[in-house]
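Visitor: Next comes the structure file upload.tsv, holding TSV, C-alpha atoms.
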chain	number	residue	atom	x	y	z
A	5	MET	CA	0.00	0.00	0.00
A	6	SER	CA	1.40	3.40	-1.00
A	7	GLN	CA	2.11	6.04	1.61
A	8	ARG	CA	-0.92	8.19	2.37
A	9	SER	CA	-0.02	11.87	2.76
A	10	VAL	CA	-1.89	14.33	5.00
A	11	ALA	CA	-2.92	17.53	3.23
A	12	ILE	CA	-4.52	20.64	4.75
A	13	THR	CA	-7.27	21.88	2.43
A	14	GLY	CA	-9.38	24.06	4.70
A	15	ILE	CA	-8.99	26.41	7.67
A	16	GLY	CA	-11.70	27.98	9.78
A	17	THR	CA	-10.81	30.22	12.68
A	18	LEU	CA	-12.38	32.53	15.24
A	19	THR	CA	-9.81	34.30	17.41
A	20	PRO	CA	-9.55	37.62	19.25
A	21	ALA	CA	-8.35	39.00	15.89
A	22	GLY	CA	-11.73	38.14	14.32
A	23	ARG	CA	-13.17	35.55	12.00
A	24	GLY	CA	-11.34	33.90	9.13
A	25	THR	CA	-7.78	33.45	7.91
A	26	ASP	CA	-7.45	36.99	6.56
A	27	ALA	CA	-8.39	38.43	9.95
A	28	LEU	CA	-5.94	36.07	11.65
A	29	TRP	CA	-3.10	36.97	9.30
A	30	LYS	CA	-3.82	40.68	9.51
A	31	GLY	CA	-4.12	40.46	13.27
A	32	ILE	CA	-0.76	38.82	13.90
A	33	SER	CA	0.87	41.17	11.36
A	34	SER	CA	-0.57	44.35	12.81
A	35	GLY	CA	1.44	44.63	16.00
A	36	HIS	CA	-1.83	45.34	17.78
A	37	SER	CA	-2.46	43.50	21.02
A	38	TYR	CA	-5.78	41.71	21.27
A	39	LEU	CA	-5.31	41.30	25.00
A	40	ALA	CA	-7.71	43.67	26.71
A	41	PRO	CA	-9.54	44.13	30.03
A	42	ILE	CA	-12.16	41.42	30.46
A	43	ASP	CA	-15.61	42.76	29.59
A	44	PRO	CA	-17.77	42.26	32.71
A	45	GLU	CA	-21.00	42.54	30.71
A	46	THR	CA	-20.07	39.71	28.35
A	47	TYR	CA	-18.07	37.49	30.70
A	48	PHE	CA	-17.58	38.25	34.41
A	49	ASP	CA	-16.28	40.91	36.77
A	50	PRO	CA	-12.50	40.30	36.98
A	51	SER	CA	-11.80	42.84	39.70
A	52	GLY	CA	-11.14	40.17	42.32
A	53	PHE	CA	-8.38	38.52	40.31
A	54	ALA	CA	-4.74	39.45	39.83
A	55	CYS	CA	-5.07	38.95	36.07
A	56	GLN	CA	-7.85	41.05	34.56
A	57	VAL	CA	-7.06	40.86	30.84
A	58	ALA	CA	-7.65	38.24	28.16
A	59	GLY	CA	-8.00	37.73	24.43
A	60	GLN	CA	-11.71	38.02	23.61
A	61	VAL	CA	-13.41	37.03	20.35
A	62	PRO	CA	-15.41	39.89	18.77
A	63	VAL	CA	-19.17	39.51	18.38
A	64	PHE	CA	-19.99	36.93	15.71
A	65	SER	CA	-23.05	35.38	14.13
A	66	GLU	CA	-23.69	32.78	11.44
A	67	PRO	CA	-27.32	32.03	10.57
A	68	ARG	CA	-26.34	28.90	8.66
A	69	VAL	CA	-25.42	27.18	11.92
A	70	LEU	CA	-26.29	29.41	14.87
A	71	THR	CA	-30.07	29.26	14.81
A	72	ASP	CA	-32.09	30.34	17.83
A	73	SER	CA	-32.72	26.69	18.68
A	74	LEU	CA	-29.07	25.73	18.49
A	75	LEU	CA	-27.97	28.77	20.52
A	76	GLU	CA	-30.25	27.58	23.31
A	77	GLN	CA	-28.70	24.12	23.25
A	78	THR	CA	-25.00	24.97	23.11
A	79	ASP	CA	-22.18	26.47	25.08
A	80	ARG	CA	-20.10	29.32	23.63
A	81	CYS	CA	-17.32	26.78	23.07
A	82	SER	CA	-19.52	24.76	20.71
A	83	GLN	CA	-20.88	27.86	18.99
A	84	MET	CA	-17.40	29.07	18.04
A	85	ALA	CA	-16.50	25.55	16.90
A	86	LEU	CA	-19.51	25.27	14.62
A	87	VAL	CA	-18.63	28.54	12.88
A	88	ALA	CA	-14.97	27.58	12.52
A	89	VAL	CA	-15.82	24.15	11.08
A	90	LEU	CA	-18.29	25.70	8.64
A	91	ASP	CA	-15.62	28.10	7.36
A	92	ALA	CA	-13.06	25.29	7.07
A	93	LEU	CA	-15.46	23.20	5.01
A	94	ASP	CA	-16.27	26.19	2.81
A	95	MET	CA	-12.57	26.77	2.11
A	96	ALA	CA	-12.07	23.09	1.31
A	97	LYS	CA	-15.09	23.14	-1.02
A	98	LEU	CA	-16.87	20.49	1.00
A	99	PRO	CA	-20.60	20.29	1.78
A	100	GLY	CA	-22.15	21.46	5.01
A	101	ASP	CA	-23.71	18.00	5.40
A	102	PHE	CA	-21.81	14.85	4.45
A	103	ARG	CA	-25.09	12.92	4.40
A	104	ALA	CA	-26.14	14.77	1.25
A	105	GLU	CA	-26.16	12.84	-2.03
A	106	SER	CA	-23.84	15.43	-3.56
A	107	SER	CA	-21.13	14.81	-0.96
A	108	PRO	CA	-17.83	13.73	-2.57
A	109	VAL	CA	-17.20	11.36	0.35
A	110	SER	CA	-19.46	9.15	2.42
A	111	PRO	CA	-20.09	10.30	6.01
A	112	GLU	CA	-18.49	7.11	7.33
A	113	ARG	CA	-15.18	8.18	5.75
A	114	VAL	CA	-15.16	11.51	7.57
A	115	SER	CA	-13.67	11.63	11.08
A	116	LEU	CA	-13.53	14.30	13.76
A	117	THR	CA	-11.00	15.13	16.48
A	118	VAL	CA	-11.60	17.96	18.94
A	119	ALA	CA	-9.37	19.53	21.60
A	120	SER	CA	-10.55	21.53	24.59
A	121	ILE	CA	-9.70	22.05	28.24
A	122	ALA	CA	-12.81	23.68	29.67
A	123	ALA	CA	-15.53	22.92	27.12
A	124	GLY	CA	-19.00	23.61	28.42
A	125	TRP	CA	-18.08	25.60	31.51
A	126	THR	CA	-19.80	28.84	30.49
A	127	TYR	CA	-23.06	26.91	30.24
A	128	ALA	CA	-22.41	24.80	33.35
A	129	GLU	CA	-21.60	27.78	35.58
A	130	ARG	CA	-24.68	29.66	34.45
A	131	GLU	CA	-26.89	26.67	35.24
A	132	MET	CA	-25.19	26.05	38.58
A	133	GLN	CA	-25.81	29.63	39.61
A	134	LYS	CA	-29.48	29.31	38.66
A	135	MET	CA	-29.81	26.10	40.64
A	136	TRP	CA	-28.33	27.57	43.83
A	137	THR	CA	-30.22	30.86	43.62
A	138	GLN	CA	-33.54	29.89	42.00
A	139	GLY	CA	-33.94	26.17	42.59
A	140	VAL	CA	-33.36	22.96	40.69
A	141	GLU	CA	-36.56	23.33	38.67
A	142	THR	CA	-35.02	26.28	36.79
A	143	LEU	CA	-32.26	24.18	35.20
A	144	ASN	CA	-32.18	24.07	31.42
A	145	ARG	CA	-32.96	20.67	29.90
A	146	TYR	CA	-29.88	20.96	27.67
A	147	GLY	CA	-27.51	21.37	30.60
A	148	MET	CA	-26.02	17.89	30.40
A	149	THR	CA	-25.26	17.91	26.68
A	150	ALA	CA	-24.19	21.56	26.51
A	151	SER	CA	-21.74	21.33	29.40
A	152	PHE	CA	-20.37	17.86	28.62
A	153	PRO	CA	-16.63	17.95	27.68
A	154	ALA	CA	-17.44	16.22	24.39
A	155	GLY	CA	-20.27	18.65	23.68
A	156	PRO	CA	-18.49	20.37	20.76
A	157	GLN	CA	-17.74	16.97	19.22
A	158	GLY	CA	-21.40	15.99	19.43
A	159	HIS	CA	-22.73	19.23	18.03
A	160	ILE	CA	-20.26	19.27	15.13
A	161	SER	CA	-20.85	15.65	14.17
A	162	ILE	CA	-24.65	15.93	14.28
A	163	PHE	CA	-24.84	19.22	12.40
A	164	PHE	CA	-22.38	18.34	9.62
A	165	GLY	CA	-23.24	14.64	9.32
A	166	VAL	CA	-19.88	13.21	10.40
A	167	GLN	CA	-20.23	9.46	10.95
A	168	GLY	CA	-16.63	8.24	11.08
A	169	ARG	CA	-14.49	7.80	14.16
A	170	MET	CA	-14.62	10.71	16.62
A	171	ARG	CA	-12.53	11.63	19.65
A	172	THR	CA	-12.31	14.52	22.11
A	173	PHE	CA	-8.97	15.25	23.77
A	174	VAL	CA	-8.87	16.89	27.17
A	175	SER	CA	-5.16	16.78	27.93
A	176	GLU	CA	-4.51	20.31	29.15
A	177	ARG	CA	-2.62	22.58	26.72
A	178	ALA	CA	-1.29	19.54	24.83
A	179	SER	CA	-4.88	18.76	23.79
A	180	GLY	CA	-4.59	20.52	20.44
A	181	ALA	CA	-1.46	18.62	19.43
A	182	HIS	CA	-3.09	15.34	20.44
A	183	ALA	CA	-6.20	16.07	18.36
A	184	LEU	CA	-4.25	17.04	15.25
A	185	ILE	CA	-1.86	14.11	15.56
A	186	GLU	CA	-4.74	11.67	15.91
A	187	GLY	CA	-6.39	13.26	12.87
A	188	ALA	CA	-3.22	12.92	10.81
A	189	LYS	CA	-2.80	9.30	11.91
A	190	ALA	CA	-6.39	8.53	10.85
A	191	ILE	CA	-5.57	9.74	7.34
A	192	GLU	CA	-2.26	7.87	7.28
A	193	ARG	CA	-3.85	4.60	8.48
A	194	GLY	CA	-6.61	4.81	5.91
A	195	ASP	CA	-9.37	5.17	8.51
A	196	ALA	CA	-10.73	8.28	6.77
A	197	GLU	CA	-10.37	10.33	3.61
A	198	ILE	CA	-11.24	13.55	5.47
A	199	VAL	CA	-10.72	14.53	9.10
A	200	ILE	CA	-12.03	17.69	10.71
A	201	ALA	CA	-9.43	18.42	13.39
A	202	GLY	CA	-8.91	21.33	15.73
A	203	GLY	CA	-9.68	22.90	19.05
A	204	THR	CA	-12.10	25.25	20.73
A	205	GLU	CA	-11.95	27.09	24.03
A	206	ALA	CA	-14.14	29.49	25.99
A	207	PRO	CA	-12.28	29.79	29.32
A	208	LEU	CA	-13.52	33.23	30.38
A	209	THR	CA	-15.66	32.13	33.32
A	210	PRO	CA	-15.24	32.83	37.06
A	211	LEU	CA	-14.58	29.19	38.00
A	212	VAL	CA	-11.98	28.60	35.29
A	213	TRP	CA	-10.33	31.92	36.08
A	214	ALA	CA	-10.26	31.06	39.78
A	215	ALA	CA	-8.60	27.71	38.99
A	216	TYR	CA	-5.85	29.37	36.97
A	217	HIS	CA	-5.55	32.10	39.60
A	218	SER	CA	-5.09	29.62	42.44
A	219	ALA	CA	-2.49	27.70	40.42
A	220	HIS	CA	-0.51	30.94	39.83
A	221	MET	CA	-0.49	30.29	36.09
A	222	LEU	CA	-1.72	33.72	34.97
A	223	GLN	CA	0.38	36.84	34.67
A	224	PRO	CA	-0.69	39.43	37.26
A	225	THR	CA	-1.85	42.40	35.23
A	226	THR	CA	-4.74	44.72	35.92
A	227	GLN	CA	-4.03	47.49	33.44
A	228	ARG	CA	-4.36	47.76	29.69
A	229	GLU	CA	-0.76	49.02	29.53
A	230	ASN	CA	0.43	45.76	31.04
A	231	ALA	CA	-1.53	43.80	28.45
A	232	ALA	CA	0.03	45.82	25.65
A	233	GLN	CA	3.48	45.26	27.14
A	234	ALA	CA	2.90	41.52	26.96
A	235	THR	CA	3.06	41.64	23.15
A	236	HIS	CA	6.75	42.46	23.39
A	237	LEU	CA	7.70	39.48	25.54
A	238	SER	CA	10.00	36.86	24.09
A	239	ALA	CA	9.05	33.22	23.79
A	240	HIS	CA	10.76	32.32	27.05
A	241	HIS	CA	10.16	35.32	29.32
A	242	HIS	CA	8.71	33.17	32.16
A	243	SER	CA	6.16	35.84	33.09
A	244	ARG	CA	3.22	33.39	33.29
A	245	MET	CA	0.35	33.12	30.83
A	246	LEU	CA	-2.10	35.58	29.38
A	247	ILE	CA	-4.87	33.53	27.81
A	248	GLY	CA	-7.74	33.95	25.41
A	249	GLU	CA	-10.73	32.26	23.82
A	250	GLY	CA	-11.13	31.05	20.28
A	251	SER	CA	-11.66	28.14	17.91
A	252	THR	CA	-9.66	26.87	14.95
A	253	PHE	CA	-10.41	23.79	12.85
A	254	LEU	CA	-8.64	22.38	9.84
A	255	VAL	CA	-9.75	20.02	7.11
A	256	LEU	CA	-7.17	17.27	6.82
A	257	GLU	CA	-7.47	15.24	3.65
A	258	GLU	CA	-5.65	12.38	1.99
A	259	ARG	CA	-3.50	14.09	-0.64
A	260	LYS	CA	-4.63	12.06	-3.64
A	261	HIS	CA	-8.23	12.51	-2.60
A	262	ALA	CA	-7.76	16.29	-2.53
A	263	LYS	CA	-6.03	16.22	-5.93
A	264	GLN	CA	-8.91	14.24	-7.41
A	265	ARG	CA	-11.34	16.83	-6.10
A	266	GLY	CA	-9.24	19.58	-7.63
A	267	VAL	CA	-8.96	21.69	-4.48
A	268	PRO	CA	-5.85	23.69	-3.51
A	269	ILE	CA	-3.57	22.13	-0.90
A	270	LEU	CA	-2.38	24.78	1.55
A	271	ALA	CA	0.23	22.66	3.29
A	272	GLU	CA	0.96	19.12	4.43
A	273	ILE	CA	1.51	17.55	7.84
A	274	ARG	CA	4.68	15.58	7.28
A	275	GLY	CA	5.66	14.58	10.81
A	276	TRP	CA	4.35	14.39	14.36
A	277	ARG	CA	5.19	13.04	17.76
A	278	ARG	CA	3.84	13.30	21.28
A	279	GLY	CA	5.24	12.31	24.65
A	280	THR	CA	5.33	12.90	28.37
A	281	ASP	CA	8.21	13.80	30.62
A	282	PRO	CA	7.24	12.49	34.07
A	283	SER	CA	8.70	15.49	35.87
A	284	PRO	CA	9.31	15.79	38.76
A	285	LEU	CA	9.71	12.00	38.99
A	286	GLY	CA	13.11	10.39	38.64
A	287	GLU	CA	15.77	11.56	36.22
A	288	ALA	CA	13.31	13.59	34.13
A	289	SER	CA	13.38	16.35	36.76
A	290	LYS	CA	17.12	16.79	36.12
A	291	GLN	CA	16.85	16.91	32.33
A	292	PRO	CA	13.21	17.72	31.48
A	293	GLU	CA	14.17	18.56	27.91
A	294	MET	CA	15.23	15.01	27.01
A	295	GLY	CA	11.72	13.82	26.18
A	296	ARG	CA	11.17	16.82	23.96
A	297	ILE	CA	14.47	16.23	22.20
A	298	ARG	CA	13.49	12.63	21.45
A	299	ALA	CA	10.07	13.72	20.21
A	300	ILE	CA	11.46	16.43	17.92
A	301	ARG	CA	14.01	14.06	16.42
A	302	ALA	CA	11.36	11.39	15.86
A	303	CYS	CA	9.08	13.96	14.21
A	304	LEU	CA	11.84	15.07	11.83
A	305	ALA	CA	12.81	11.47	11.12
A	306	GLN	CA	9.23	10.61	10.19
A	307	ALA	CA	9.28	13.47	7.69
A	308	ASP	CA	12.75	12.39	6.51
A	309	ILE	CA	14.26	15.84	6.91
A	310	HIS	CA	17.28	17.09	8.83
A	311	PRO	CA	17.09	19.88	11.44
A	312	GLU	CA	18.83	22.31	9.07
A	313	ALA	CA	15.87	22.01	6.68
A	314	VAL	CA	13.49	23.59	9.21
A	315	ASP	CA	12.76	27.22	8.33
A	316	LEU	CA	10.49	28.38	11.15
A	317	LEU	CA	9.53	27.51	14.73
A	318	LEU	CA	6.27	28.20	16.53
A	319	PRO	CA	7.04	27.55	20.22
A	320	ALA	CA	4.58	26.37	22.81
A	321	GLY	CA	5.64	29.49	24.72
A	322	PRO	CA	3.38	29.25	27.78
A	323	ALA	CA	5.63	31.67	29.74
A	324	LEU	CA	5.78	29.12	32.57
A	325	PRO	CA	9.38	28.70	33.79
A	326	GLU	CA	9.72	24.90	33.81
A	327	GLU	CA	8.05	24.35	30.44
A	328	ASP	CA	9.84	27.27	28.79
A	329	SER	CA	13.25	26.16	30.04
A	330	ALA	CA	12.75	22.59	28.80
A	331	GLU	CA	11.61	23.81	25.40
A	332	GLU	CA	14.45	26.30	25.07
A	333	ALA	CA	17.03	23.65	26.02
A	334	ALA	CA	15.60	21.21	23.46
A	335	VAL	CA	15.69	23.80	20.68
A	336	LYS	CA	19.32	24.72	21.44
A	337	LYS	CA	20.31	21.05	21.49
A	338	ILE	CA	18.81	20.22	18.10
A	339	PHE	CA	19.23	23.41	16.08
A	340	ASP	CA	22.76	24.76	15.81
A	341	ARG	CA	21.79	28.04	14.18
A	342	PRO	CA	19.43	30.93	14.94
A	343	LEU	CA	15.94	30.12	13.70
A	344	PRO	CA	13.05	32.52	13.11
A	345	MET	CA	10.18	32.08	15.54
A	346	LEU	CA	6.56	33.19	15.42
A	347	MET	CA	4.75	33.83	18.70
A	348	PRO	CA	1.04	34.46	17.97
A	349	LYS	CA	0.26	33.87	21.66
A	350	THR	CA	1.79	37.22	22.54
A	351	ILE	CA	-0.79	38.93	20.33
A	352	LEU	CA	-3.90	36.75	20.77
A	353	GLY	CA	-3.26	35.26	24.20
A	354	HIS	CA	-2.72	31.55	24.74
A	355	LEU	CA	-5.87	29.97	23.29
A	356	GLN	CA	-5.46	26.81	25.37
A	357	GLY	CA	-7.14	23.89	23.59
A	358	ALA	CA	-7.37	25.96	20.39
A	359	ALA	CA	-3.76	27.19	20.50
A	360	THR	CA	-2.01	24.41	18.57
A	361	ALA	CA	-4.60	24.35	15.80
A	362	THR	CA	-4.23	28.12	15.46
A	363	ASP	CA	-0.44	27.80	15.27
A	364	VAL	CA	-0.77	25.07	12.64
A	365	ALA	CA	-3.18	27.25	10.67
A	366	ILE	CA	-0.65	30.11	10.70
A	367	ALA	CA	2.15	27.76	9.65
A	368	ALA	CA	-0.01	26.50	6.78
A	369	LEU	CA	-0.67	30.08	5.68
A	370	VAL	CA	3.06	30.83	5.81
A	371	CYS	CA	3.77	27.79	3.60
A	372	ASP	CA	0.96	28.67	1.20
A	373	ARG	CA	1.69	32.40	0.93
A	374	GLN	CA	5.47	32.05	1.23
A	375	MET	CA	5.43	35.05	3.53
A	376	LEU	CA	6.03	35.77	7.20
A	377	PRO	CA	3.99	38.24	9.24
A	378	SER	CA	5.79	41.55	8.95
A	379	ILE	CA	5.66	43.03	12.46
A	380	ASP	CA	8.48	42.43	14.93
A	381	ASP	CA	6.06	42.33	17.86
A	382	VAL	CA	4.96	38.79	16.98
A	383	ARG	CA	8.43	37.52	16.18
A	384	SER	CA	11.25	36.29	18.30
A	385	SER	CA	14.21	34.09	17.49
A	386	SER	CA	16.52	31.65	19.16
A	387	GLU	CA	19.37	34.14	18.82
A	388	LYS	CA	17.56	37.29	17.66
A	389	ALA	CA	17.69	36.29	14.01
A	390	SER	CA	16.18	38.91	11.75
A	391	ILE	CA	13.50	37.93	9.27
A	392	GLY	CA	11.69	39.98	6.68
A	393	LYS	CA	8.12	40.19	5.50
A	394	ARG	CA	8.63	38.21	2.32
A	395	ALA	CA	10.92	35.22	2.38
A	396	THR	CA	14.09	35.58	0.35
A	397	SER	CA	14.18	31.80	-0.11
A	398	PRO	CA	11.40	29.20	-0.15
A	399	LEU	CA	9.78	28.41	3.19
A	400	HIS	CA	9.52	24.63	3.21
A	401	HIS	CA	9.08	23.46	6.80
A	402	ALA	CA	7.66	24.89	10.04
A	403	LEU	CA	7.84	23.08	13.37
A	404	ILE	CA	5.07	23.61	15.95
A	405	PHE	CA	5.49	22.82	19.64
A	406	ALA	CA	2.84	22.21	22.29
A	407	SER	CA	3.18	21.53	26.00
A	408	GLY	CA	1.02	21.13	29.07
A	409	LEU	CA	1.07	20.42	32.78
A	410	GLY	CA	2.51	17.12	33.90
A	411	GLY	CA	5.20	17.12	31.22
A	412	MET	CA	2.86	16.46	28.27
A	413	HIS	CA	4.22	17.71	24.97
A	414	GLY	CA	3.89	17.24	21.23
A	415	ASN	CA	5.08	18.67	17.94
A	416	LEU	CA	4.01	18.73	14.31
A	417	LEU	CA	5.96	19.47	11.15
A	418	ILE	CA	4.02	21.52	8.58
A	419	SER	CA	5.47	21.60	5.08
A	420	LYS	CA	5.00	23.32	1.77
A	421	PRO	CA	3.00	20.89	-0.38
A	422	GLU	CA	4.79	18.81	-2.96
A	423	GLN	CA	3.92	19.54	-6.56
Rewrite the coordinates I just gave you, this time as structure tokens.
Guide:
Amino acid sequence: MSQRSVAITGIGTLTPAGRGTDALWKGISSGHSYLAPIDPETYFDPSGFACQVAGQVPVFSEPRVLTDSLLEQTDRCSQMALVAVLDALDMAKLPGDFRAESSPVSPERVSLTVASIAAGWTYAEREMQKMWTQGVETLNRYGMTASFPAGPQGHISIFFGVQGRMRTFVSERASGAHALIEGAKAIERGDAEIVIAGGTEAPLTPLVWAAYHSAHMLQPTTQRENAAQATHLSAHHHSRMLIGEGSTFLVLEERKHAKQRGVPILAEIRGWRRGTDPSPLGEASKQPEMGRIRAIRACLAQADIHPEAVDLLLPAGPALPEEDSAEEAAVKKIFDRPLPMLMPKTILGHLQGAATATDVAIAALVCDRQMLPSIDDVRSSSEKASIGKRATSPLHHALIFASGLGGMHGNLLISKPEQ
């Protein structure tokens, strides 16, 4: 059996920069910070927390999916996901319902992988507050399905007629890498011709914020000036996270299948690997970068490329000291030259379960457009390497990192498509 390649043919995204790939590209190129004081009318009053800023998605609507009935049944996390998936399918020239006779692929050959950390909590907290203040009889009948961690998976699959294998990954900030890797593996194994893969996150709720606050994971900042300053931080500043909400989904497709359909291929996923460093257990606490080094080398080996062929890095960059230090040490061990880096998280906030899919989307756009965002505010480098707006040589390979609590990590290699 010939090797099955994983192509990216569609991207849908809702981020603090707005809706769609053009808004995302313009946003990370603008130098404008989308980290702003949390709106108490839309979300919650942040005055009791040390961190009072976040990346917030602008008002959005989409009558094709967000009907009054569906809005009643879903959490904000699912609503953003439905819009992002719709846009990804539109870009890939795929139908909004795979059960339709005109669908180029049967619904059983379409799979779905979703990443999230706090899916459903906006709905759950609202219903919990109603129960404690107004009584159990006031609870909404959709509470269980709307607040379930796999809620976005269920709503996407039902609405778009996905009937292949489906999985939801809730593995902290490594969730997005896990979802995309599983999607790529499904294509490679021949389990599906098309996989809708990505992440969605709506973490701006009092309970989620309190959890991050108590864990000391958020950067203390109560002023807009502090939020703007965050856009100038390097990838490994160790200042703790500033986070945001958003949703990004990609259409992964078997390359020959995409060619037969005659749709443009934006990029390919050529390599991937995931792992866990069991820090602080045993020897891993002394060299926490070793697991990452093994994973990066295995990812590059799968793609059959050498480290010097990598043109661009998108770090996990959580601004948490232990994770940053391990990532930085791994990069210095493998790459013996300064490499350009993109840090969208400093502009949008860390989008948690949606972060890796957003980074992969940006890498795919870089490969497709053969350009890098032009503003220094979203760029860092391993040794302050300078990079320009338009590449002077072809951009072939971008390496994306993801990491999470407990030593979880993963990486994906995104490449310019072969002719």
Visitor: With distances taken over all atoms listed in the file, which residue among A:Arg259, A:His400, A:Arg298, A:Lys349 lies nearest Leu369 of chain A?
Guide: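 Ranking A:Arg259, A:His400, A:Arg298, A:Lys349 by distance to Leu369 of chain A, first place goes to A:His400.
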Visitor: Would you compute the distance between atom CA of Pro322 of chain A and atom CA of Gly408 of chain A? Give it in Å to one decimal.
Guide: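 According to the coordinates, atom CA of Pro322 of chain A and atom CA of Gly408 of chain A are separated by 8.6 Å.
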Visitor: Identify, on the basis of all atoms listed in the file, every residue whose closest approach to Leu270 of chain A does not exceed 8 Å; exclude the query and any residue fewer than 3 positions from it along the same chain; express the result as a list in words.
Guide: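 Skipping anything fewer than 3 positions along the chain leaves Ala11, Ile12, Thr13, Gly14, Ala368, Leu369, Cys371, Asp372, Lys420 and Pro421 of chain A.
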Visitor: Segment 185-188 of chain A: which residues within 10 Å, counting all atoms listed in the file, same-chain residues fewer than 5 positions away excluded, as a PyMOL selection string?
Guide: chain A and resi 8-12+115-118+169-171+173+179-180+193+195-196+198-202+254-258+272-278+414-416
Visitor: Excluding same-chain residues fewer than 3 positions from Leu39 of chain A, what lies within 7 Å of it counting all atoms listed in the file, as a tab-separated table (two decimals) with C-alpha atoms, in the coordinates of the input?
Guide:
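What follows is the written file result-v4.tsv:
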chain	number	residue	atom	x	y	z
A	57	VAL	CA	-7.06	40.86	30.84
A	58	ALA	CA	-7.65	38.24	28.16
A	59	GLY	CA	-8.00	37.73	24.43
A	231	ALA	CA	-1.53	43.80	28.45
A	351	ILE	CA	-0.79	38.93	20.33
A	352	LEU	CA	-3.90	36.75	20.77
A	353	GLY	CA	-3.26	35.26	24.20
Visitor: Please measure the separation of atom CA of Phe164 of chain A and atom CA of Gly100 of chain A, giving the value in Å to one decimal.
Guide: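 Interatomic distance, atom CA of Phe164 of chain A to atom CA of Gly100 of chain A: 5.6 Å.
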Visitor: At what distance in Å, to one decimal, does atom CA of Ser407 of chain A lie from atom CA of Glu327 of chain A?
Guide: 7.2 Å
Visitor: Give the answer as one residue: which of A:His217, A:Arg23, A:His354, A:Lys30 has the shortest atom-to-atom distance to Met84 of chain A, using only C-alpha atoms?
Guide: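 Checking each of A:His217, A:Arg23, A:His354, A:Lys30 against Met84 of chain A, counting only C-alpha atoms, the winner is A:Arg23.
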Visitor: Do you know which residues are at most 12 Å from Ala219 of chain A counting only C-alpha atoms, after dropping those on the same chain fewer than 4 positions away, and could you put them as a list of chain:residue names?
Guide: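 The filter keeps A:Ala54, A:Val212, A:Trp213, A:Ala214, A:Ala215, A:Gln223, A:Arg244, A:Met245, A:Leu324, A:Leu409.
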Visitor: Extract, using only C-alpha atoms, all DNA, RNA and protein residues at most 8 Å from segment 122-135 of chain A, discarding same-chain residues fewer than 2 positions from it, and format them as a compact mmCIF listing (two decimals) with C-alpha atoms, keeping the file's coordinate frame.
Guide:
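Output saved as result.txt:
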# COMPACT_ATOMS: atom_id res chain seq x y z
CA THR A 78 -25.00 24.97 23.11
CA ASP A 79 -22.18 26.47 25.08
CA ARG A 80 -20.10 29.32 23.63
CA CYS A 81 -17.32 26.78 23.07
CA SER A 82 -19.52 24.76 20.71
CA SER A 120 -10.55 21.53 24.59
CA THR A 137 -30.22 30.86 43.62
CA GLN A 138 -33.54 29.89 42.00
CA GLY A 139 -33.94 26.17 42.59
CA VAL A 140 -33.36 22.96 40.69
CA GLU A 141 -36.56 23.33 38.67
CA THR A 142 -35.02 26.28 36.79
CA LEU A 143 -32.26 24.18 35.20
CA ASN A 144 -32.18 24.07 31.42
CA GLY A 147 -27.51 21.37 30.60
CA ALA A 150 -24.19 21.56 26.51
CA SER A 151 -21.74 21.33 29.40
CA PHE A 152 -20.37 17.86 28.62
CA PRO A 153 -16.63 17.95 27.68
CA ALA A 154 -17.44 16.22 24.39
CA GLY A 155 -20.27 18.65 23.68
CA PRO A 156 -18.49 20.37 20.76
CA THR A 204 -12.10 25.25 20.73
CA GLU A 205 -11.95 27.09 24.03
CA ALA A 206 -14.14 29.49 25.99
CA PRO A 207 -12.28 29.79 29.32
CA LEU A 208 -13.52 33.23 30.38
CA THR A 209 -15.66 32.13 33.32
CA LEU A 211 -14.58 29.19 38.00
CA VAL A 212 -11.98 28.60 35.29
Visitor: Please work out which residues fall within 12 Å of (-20.0, 16.1, -1.6), coordinates as given in the file, with only C-alpha atoms counting, and return them as a PyMOL selection string.
Guide: chain A and resi 93-94+96-111+113-114+164-165+198+265
Visitor: Would you write out those residues with C-alpha atoms, as a CSV table (one decimal), in the frame of the given file?
Guide:
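Result written to part.csv:
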chain,number,residue,atom,x,y,z
A,93,LEU,CA,-15.5,23.2,5.0
A,94,ASP,CA,-16.3,26.2,2.8
A,96,ALA,CA,-12.1,23.1,1.3
A,97,LYS,CA,-15.1,23.1,-1.0
A,98,LEU,CA,-16.9,20.5,1.0
A,99,PRO,CA,-20.6,20.3,1.8
A,100,GLY,CA,-22.2,21.5,5.0
A,101,ASP,CA,-23.7,18.0,5.4
A,102,PHE,CA,-21.8,14.8,4.4
A,103,ARG,CA,-25.1,12.9,4.4
A,104,ALA,CA,-26.1,14.8,1.2
A,105,GLU,CA,-26.2,12.8,-2.0
A,106,SER,CA,-23.8,15.4,-3.6
A,107,SER,CA,-21.1,14.8,-1.0
A,108,PRO,CA,-17.8,13.7,-2.6
A,109,VAL,CA,-17.2,11.4,0.4
A,110,SER,CA,-19.5,9.2,2.4
A,111,PRO,CA,-20.1,10.3,6.0
A,113,ARG,CA,-15.2,8.2,5.8
A,114,VAL,CA,-15.2,11.5,7.6
A,164,PHE,CA,-22.4,18.3,9.6
A,165,GLY,CA,-23.2,14.6,9.3
A,198,ILE,CA,-11.2,13.6,5.5
A,265,ARG,CA,-11.3,16.8,-6.1
Visitor: Let me make sure I understand: among A:His413, A:His401, A:Lys189, A:Arg296, which one has the smallest atom-to-atom distance to Glu176 of chain A if we use all atoms listed in the file?
Guide: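 Looking only at the distances to Glu176 of chain A, the closest residue turns out to be A:His413.
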Visitor: Between A:Leu403, A:Ile191, A:Ala330, A:Leu316, which has the minimum distance to Pro342 of chain A (counting only C-alpha atoms)?
Guide: A:Leu316
